[in-house]
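Visitor: First the structure, which I've put down as structure tokens, then a few questions once you've had a look.
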Amino acid sequence: RQAEQWLHARARQQSAIATLGQEAIAGGDLEALLATAASLAALGVGGSHAALLELQPGGKAFRLRAGVGWNDGLVGRTTVSARSEMQAGFTLVSGRPVTVDDAAKDRRFGAPPLLRDHDLVSGASVVIPGAQASWGVLAVHATEPHAWSDDDTNFLQALASVLASAIARYGTF
């Protein structure tokens, strides 16, 4: 039964990557593609919230460019710190996937107001790469402790790679 669940989860993730890839190849609206990626990311790993955090000029903050699960009016307007004391900032600096299974037990990072306001206690994040510099971070969060697996972060990294190619093609790097 456990093996069957694992296979279903991987099939769902592979389908999500294919869906995003097809949408990216088809062209169209970049904002719609980013919104699709956020939805697929959350569904693919069982998170309640997903964020595409675009690094802002100067490198000190991210803008919540797209996402799911957030309160109305936050997507497109909200910024969060890119300091390495925060999970997203550390992800950017380290260049590798970062997970927090339970913030109550893992005190490596501070929680920005955006996460506290939504009662988010766990998360997985990966870099969205760019040709010269990273575009930003793809993050998924949950309101309950969550054991993020290597399969989860590999899935998120695959989505981030598809996004990086699409964003470069749209010329927004």
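So you can find residues: chains in the structure tokens are A, B, ... in the order shown, residues in each start at 1, and ligands are numbered from 1 in order.
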List as a list in words the protein and nucleic acid residues near Leu20 of chain A, meaning an atom at most 9 Å away when only C-alpha atoms are counted, but skip any in the same chain fewer than 3 places from it.

Guide: Ser15, Ala16, Ile17, Glu23, Ala24, Ile25, Leu33, Thr36, Ala37, Leu40, Leu159, Val162 and Leu163 of chain A

Visitor: Restricted to N, CA, C and O atoms, what would the selected residues look like written as an mmCIF file, in the first residue's frame?

Guide:
data_model
loop_
_atom_site.group_PDB
_atom_site.id
_atom_site.type_symbol
_atom_site.label_atom_id
_atom_site.label_comp_id
_atom_site.auth_asym_id
_atom_site.auth_seq_id
_atom_site.Cartn_x
_atom_site.Cartn_y
_atom_site.Cartn_z
ATOM 1 N N SER A 15 3.113 14.333 -13.951
ATOM 2 C CA SER A 15 2.039 14.937 -14.726
ATOM 3 C C SER A 15 2.056 16.457 -14.582
ATOM 4 O O SER A 15 1.853 17.192 -15.564
ATOM 5 N N ALA A 16 2.302 16.932 -13.376
ATOM 6 C CA ALA A 16 2.356 18.376 -13.136
ATOM 7 C C ALA A 16 3.509 19.019 -13.900
ATOM 8 O O ALA A 16 3.355 20.096 -14.495
ATOM 9 N N ILE A 17 4.670 18.375 -13.903
ATOM 10 C CA ILE A 17 5.820 18.895 -14.641
ATOM 11 C C ILE A 17 5.505 18.945 -16.138
ATOM 12 O O ILE A 17 5.789 19.939 -16.819
ATOM 13 N N GLU A 23 2.419 24.141 -21.065
ATOM 14 C CA GLU A 23 1.923 25.512 -21.000
ATOM 15 C C GLU A 23 3.040 26.508 -21.314
ATOM 16 O O GLU A 23 2.818 27.511 -21.995
ATOM 17 N N ALA A 24 4.253 26.206 -20.836
ATOM 18 C CA ALA A 24 5.390 27.094 -21.109
ATOM 19 C C ALA A 24 5.726 27.118 -22.600
ATOM 20 O O ALA A 24 5.994 28.188 -23.160
ATOM 21 N N ILE A 25 5.687 25.964 -23.241
ATOM 22 C CA ILE A 25 5.982 25.884 -24.676
ATOM 23 C C ILE A 25 4.920 26.608 -25.492
ATOM 24 O O ILE A 25 5.231 27.253 -26.495
ATOM 25 N N LEU A 33 1.173 31.560 -16.365
ATOM 26 C CA LEU A 33 2.111 30.450 -16.202
ATOM 27 C C LEU A 33 2.624 30.392 -14.763
ATOM 28 O O LEU A 33 2.689 29.307 -14.165
ATOM 29 N N THR A 36 -0.099 29.038 -12.559
ATOM 30 C CA THR A 36 -0.220 27.588 -12.747
ATOM 31 C C THR A 36 0.879 26.866 -12.000
ATOM 32 O O THR A 36 0.634 25.858 -11.319
ATOM 33 N N ALA A 37 2.094 27.364 -12.086
ATOM 34 C CA ALA A 37 3.227 26.734 -11.399
ATOM 35 C C ALA A 37 3.003 26.702 -9.894
ATOM 36 O O ALA A 37 3.277 25.692 -9.235
ATOM 37 N N LEU A 40 0.362 24.017 -9.132
ATOM 38 C CA LEU A 40 0.915 22.672 -9.314
ATOM 39 C C LEU A 40 1.907 22.320 -8.211
ATOM 40 O O LEU A 40 1.962 21.176 -7.765
ATOM 41 N N LEU A 159 10.066 21.844 -11.428
ATOM 42 C CA LEU A 159 9.160 22.944 -11.762
ATOM 43 C C LEU A 159 9.935 24.253 -11.901
ATOM 44 O O LEU A 159 9.696 25.035 -12.836
ATOM 45 N N VAL A 162 11.731 24.419 -15.263
ATOM 46 C CA VAL A 162 10.811 24.745 -16.358
ATOM 47 C C VAL A 162 10.489 26.232 -16.318
ATOM 48 O O VAL A 162 10.499 26.919 -17.358
ATOM 49 N N LEU A 163 10.221 26.752 -15.137
ATOM 50 C CA LEU A 163 9.941 28.182 -14.989
ATOM 51 C C LEU A 163 11.109 29.037 -15.445
ATOM 52 O O LEU A 163 10.913 30.061 -16.118
#

Visitor: I want to know what sits within 9 Å of Val98 of chain A, based on only C-alpha atoms, with residues of the same chain fewer than 2 positions away left out; could you give that as a PDB file with N, CA and C atoms, in the first residue's frame?

Guide:
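After the write, selection_24.pdb holds the following:
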ATOM      1  N   GLN A  87      14.153  31.511   5.509  1.00  0.00           N
ATOM      2  CA  GLN A  87      14.277  30.320   4.676  1.00  0.00           C
ATOM      3  C   GLN A  87      14.480  30.659   3.203  1.00  0.00           C
ATOM      4  N   ALA A  88      13.683  31.569   2.660  1.00  0.00           N
ATOM      5  CA  ALA A  88      13.811  31.903   1.239  1.00  0.00           C
ATOM      6  C   ALA A  88      15.174  32.522   0.941  1.00  0.00           C
ATOM      7  N   PHE A  90      17.963  32.120   2.667  1.00  0.00           N
ATOM      8  CA  PHE A  90      18.983  31.080   2.806  1.00  0.00           C
ATOM      9  C   PHE A  90      18.981  30.160   1.591  1.00  0.00           C
ATOM     10  N   THR A  91      17.808  29.860   1.068  1.00  0.00           N
ATOM     11  CA  THR A  91      17.710  29.031  -0.130  1.00  0.00           C
ATOM     12  C   THR A  91      18.456  29.700  -1.278  1.00  0.00           C
ATOM     13  N   SER A  94      22.312  29.639  -0.505  1.00  0.00           N
ATOM     14  CA  SER A  94      22.908  28.297  -0.532  1.00  0.00           C
ATOM     15  C   SER A  94      22.834  27.663  -1.913  1.00  0.00           C
ATOM     16  N   ARG A  96      20.619  25.620  -2.918  1.00  0.00           N
ATOM     17  CA  ARG A  96      20.132  24.234  -2.838  1.00  0.00           C
ATOM     18  C   ARG A  96      18.762  24.212  -2.154  1.00  0.00           C
ATOM     19  N   VAL A 100      11.984  22.848   6.052  1.00  0.00           N
ATOM     20  CA  VAL A 100      11.698  22.980   7.479  1.00  0.00           C
ATOM     21  C   VAL A 100      10.472  22.116   7.719  1.00  0.00           C
ATOM     22  N   GLY A 123       7.893  24.154   5.523  1.00  0.00           N
ATOM     23  CA  GLY A 123       8.057  24.600   4.149  1.00  0.00           C
ATOM     24  C   GLY A 123       9.229  23.944   3.447  1.00  0.00           C
ATOM     25  N   ALA A 124       9.147  23.964   2.128  1.00  0.00           N
ATOM     26  CA  ALA A 124      10.224  23.487   1.269  1.00  0.00           C
ATOM     27  C   ALA A 124      10.439  24.557   0.206  1.00  0.00           C
ATOM     28  N   SER A 125      11.700  24.865  -0.090  1.00  0.00           N
ATOM     29  CA  SER A 125      11.989  25.924  -1.043  1.00  0.00           C
ATOM     30  C   SER A 125      13.176  25.560  -1.921  1.00  0.00           C
ATOM     31  N   VAL A 126      13.119  26.039  -3.174  1.00  0.00           N
ATOM     32  CA  VAL A 126      14.184  25.809  -4.148  1.00  0.00           C
ATOM     33  C   VAL A 126      14.424  27.108  -4.916  1.00  0.00           C
ATOM     34  N   THR A 153      11.421  17.827  -2.988  1.00  0.00           N
ATOM     35  CA  THR A 153      12.316  18.913  -3.411  1.00  0.00           C
ATOM     36  C   THR A 153      12.787  18.706  -4.855  1.00  0.00           C
TER      37      THR A 153
END

Visitor: Set the distance at 9 Å and use only C-alpha atoms: which residues neighbour Ala111 of chain A once local chain neighbours fewer than 6 positions away are removed? I'd like the list as a compact mmCIF listing (two decimals) with N, CA and C atoms, in the first residue's frame.

Guide:
# COMPACT_ATOMS: atom_id res chain seq x y z
N MET A 86 16.26 34.06 6.88
CA MET A 86 14.93 33.60 6.48
C MET A 86 15.10 32.43 5.52
N GLN A 87 14.15 31.51 5.51
CA GLN A 87 14.28 30.32 4.68
C GLN A 87 14.48 30.66 3.20
N ALA A 103 8.63 24.15 12.26
CA ALA A 103 9.32 25.36 12.73
C ALA A 103 9.46 25.39 14.25
N LEU A 120 1.71 29.27 9.09
CA LEU A 120 2.48 28.26 8.36
C LEU A 120 3.65 27.80 9.21
N VAL A 121 3.80 26.49 9.35
CA VAL A 121 4.81 25.95 10.26
C VAL A 121 5.83 25.04 9.58

Visitor: Work out how far atom CA of Ala131 of chain A is from atom CA of Val45 of chain A, in Å to one decimal.

Guide: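 Spanning atom CA of Val45 of chain A to atom CA of Ala131 of chain A is a straight-line distance of 27.1 Å.
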
Visitor: For Arg83 of chain A, which of A:Gly95, A:Arg63, A:Gly110, A:Arg116 is the closest residue, counting only C-alpha atoms?

Guide: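 Selected residue with least distance to Arg83 of chain A: A:Gly110.
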
Visitor: Do you know which residues are at most 7 Å from segment 53-55 of chain A counting only C-alpha atoms, after dropping those on the same chain fewer than 4 positions away, and could you put them as a PyMOL selection string?

Guide: chain A and resi 59+61-65+135-138

Visitor: Determine which residues of chain A DSSP labels as strand (DSSP E) from the backbone of this structure, then write them out as a PyMOL selection string.

Guide: chain A and resi 49-55+61-68+79-81+98-100+122-128+136-142

Visitor: Could the residues in this selection be saved with N, CA, C and O atoms as a compact mmCIF listing (two decimals), in the first residue's frame?

Guide:
# COMPACT_ATOMS: atom_id res chain seq x y z
N HIS A 49 -0.02 26.27 0.79
CA HIS A 49 0.38 27.55 0.24
C HIS A 49 1.60 27.35 -0.66
O HIS A 49 2.46 26.53 -0.36
N ALA A 50 1.67 28.14 -1.73
CA ALA A 50 2.85 28.15 -2.59
C ALA A 50 3.16 29.58 -2.95
O ALA A 50 2.25 30.41 -3.06
N ALA A 51 4.44 29.87 -3.12
CA ALA A 51 4.88 31.22 -3.44
C ALA A 51 5.98 31.19 -4.49
O ALA A 51 6.91 30.40 -4.38
N LEU A 52 5.83 32.05 -5.48
CA LEU A 52 6.91 32.34 -6.41
C LEU A 52 7.43 33.70 -5.99
O LEU A 52 6.75 34.71 -6.15
N LEU A 53 8.62 33.69 -5.40
CA LEU A 53 9.20 34.90 -4.84
C LEU A 53 10.26 35.43 -5.79
O LEU A 53 11.31 34.82 -5.98
N GLU A 54 9.98 36.59 -6.40
CA GLU A 54 10.90 37.20 -7.36
C GLU A 54 11.87 38.11 -6.62
O GLU A 54 11.46 39.03 -5.90
N LEU A 55 13.17 37.86 -6.81
CA LEU A 55 14.19 38.70 -6.18
C LEU A 55 14.12 40.10 -6.77
O LEU A 55 14.10 40.28 -7.99
N ALA A 61 15.16 41.97 -1.00
CA ALA A 61 13.78 41.55 -0.78
C ALA A 61 13.27 40.73 -1.97
O ALA A 61 13.80 40.82 -3.07
N PHE A 62 12.26 39.94 -1.68
CA PHE A 62 11.52 39.20 -2.70
C PHE A 62 10.12 39.82 -2.79
O PHE A 62 9.58 40.28 -1.78
N ARG A 63 9.54 39.77 -3.98
CA ARG A 63 8.13 40.13 -4.14
C ARG A 63 7.35 38.86 -4.39
O ARG A 63 7.78 38.00 -5.17
N LEU A 64 6.23 38.71 -3.72
CA LEU A 64 5.34 37.56 -3.93
C LEU A 64 4.69 37.75 -5.30
O LEU A 64 3.65 38.38 -5.42
N ARG A 65 5.33 37.21 -6.32
CA ARG A 65 4.91 37.44 -7.71
C ARG A 65 3.69 36.59 -8.07
O ARG A 65 2.82 37.02 -8.82
N ALA A 66 3.63 35.37 -7.54
CA ALA A 66 2.48 34.48 -7.78
C ALA A 66 2.37 33.55 -6.60
O ALA A 66 3.35 33.31 -5.90
N GLY A 67 1.18 33.01 -6.37
CA GLY A 67 1.03 32.09 -5.27
C GLY A 67 -0.39 31.61 -5.11
O GLY A 67 -1.31 32.12 -5.75
N VAL A 68 -0.53 30.64 -4.23
CA VAL A 68 -1.85 30.11 -3.87
C VAL A 68 -1.92 30.00 -2.34
O VAL A 68 -0.92 29.80 -1.68
N THR A 79 6.08 42.01 -0.09
CA THR A 79 7.50 41.70 -0.15
C THR A 79 7.91 41.01 1.15
O THR A 79 7.30 41.21 2.19
N VAL A 80 8.94 40.18 1.03
CA VAL A 80 9.53 39.52 2.19
C VAL A 80 11.04 39.68 2.11
O VAL A 80 11.61 39.82 1.02
N SER A 81 11.67 39.62 3.24
CA SER A 81 13.12 39.80 3.33
C SER A 81 13.86 38.69 2.59
O SER A 81 13.46 37.52 2.65
N VAL A 98 15.91 23.72 0.50
CA VAL A 98 15.90 23.86 1.96
C VAL A 98 14.52 23.46 2.45
O VAL A 98 13.51 23.87 1.88
N THR A 99 14.48 22.65 3.51
CA THR A 99 13.21 22.24 4.09
C THR A 99 13.18 22.54 5.58
O THR A 99 14.20 22.50 6.26
N VAL A 100 11.98 22.85 6.05
CA VAL A 100 11.70 22.98 7.48
C VAL A 100 10.47 22.12 7.72
O VAL A 100 9.39 22.43 7.23
N SER A 122 5.68 24.79 8.29
CA SER A 122 6.66 23.97 7.59
C SER A 122 6.76 24.45 6.15
O SER A 122 5.84 25.10 5.64
N GLY A 123 7.89 24.15 5.52
CA GLY A 123 8.06 24.60 4.15
C GLY A 123 9.23 23.94 3.45
O GLY A 123 10.16 23.45 4.08
N ALA A 124 9.15 23.96 2.13
CA ALA A 124 10.22 23.49 1.27
C ALA A 124 10.44 24.56 0.21
O ALA A 124 9.47 25.10 -0.34
N SER A 125 11.70 24.87 -0.09
CA SER A 125 11.99 25.92 -1.04
C SER A 125 13.18 25.56 -1.92
O SER A 125 14.10 24.87 -1.48
N VAL A 126 13.12 26.04 -3.17
CA VAL A 126 14.18 25.81 -4.15
C VAL A 126 14.42 27.11 -4.92
O VAL A 126 13.55 27.96 -5.02
N VAL A 127 15.61 27.22 -5.48
CA VAL A 127 15.97 28.39 -6.28
C VAL A 127 15.37 28.26 -7.69
O VAL A 127 15.37 27.17 -8.26
N ILE A 128 14.88 29.36 -8.21
CA ILE A 128 14.52 29.45 -9.62
C ILE A 128 15.74 30.08 -10.29
O ILE A 128 16.02 31.26 -10.11
N GLY A 136 14.67 33.97 -8.45
CA GLY A 136 14.01 33.98 -7.15
C GLY A 136 13.90 32.60 -6.55
O GLY A 136 14.75 31.74 -6.78
N VAL A 137 12.81 32.38 -5.81
CA VAL A 137 12.63 31.14 -5.06
C VAL A 137 11.19 30.66 -5.23
O VAL A 137 10.25 31.45 -5.23
N LEU A 138 11.05 29.35 -5.39
CA LEU A 138 9.76 28.67 -5.37
C LEU A 138 9.65 28.01 -4.00
O LEU A 138 10.53 27.23 -3.62
N ALA A 139 8.60 28.33 -3.26
CA ALA A 139 8.42 27.77 -1.92
C ALA A 139 7.01 27.24 -1.75
O ALA A 139 6.06 27.80 -2.28
N VAL A 140 6.91 26.15 -1.01
CA VAL A 140 5.62 25.57 -0.64
C VAL A 140 5.60 25.46 0.88
O VAL A 140 6.61 25.10 1.50
N HIS A 141 4.45 25.78 1.47
CA HIS A 141 4.32 25.76 2.93
C HIS A 141 3.06 25.02 3.36
O HIS A 141 2.14 24.85 2.56
N ALA A 142 3.03 24.62 4.62
CA ALA A 142 1.88 23.91 5.18
C ALA A 142 1.59 24.43 6.58
O ALA A 142 2.49 24.92 7.27

Visitor: Find the residues around Asn71 of chain A up to 10 Å (only C-alpha atoms counted), leave out those fewer than 2 positions away in its own chain, and share them as a VMD selection string.

Guide: chain A and resid 68 to 69 73 to 75 114 117 to 118

Visitor: By how many Å are atom CA of Gly28 of chain A and atom CA of Leu156 of chain A apart?

Guide: 22.2 Å

Visitor: Do you have the atom CA of Pro112 of chain A-atom CA of Ala166 of chain A distance handy?

Guide: 28.6 Å
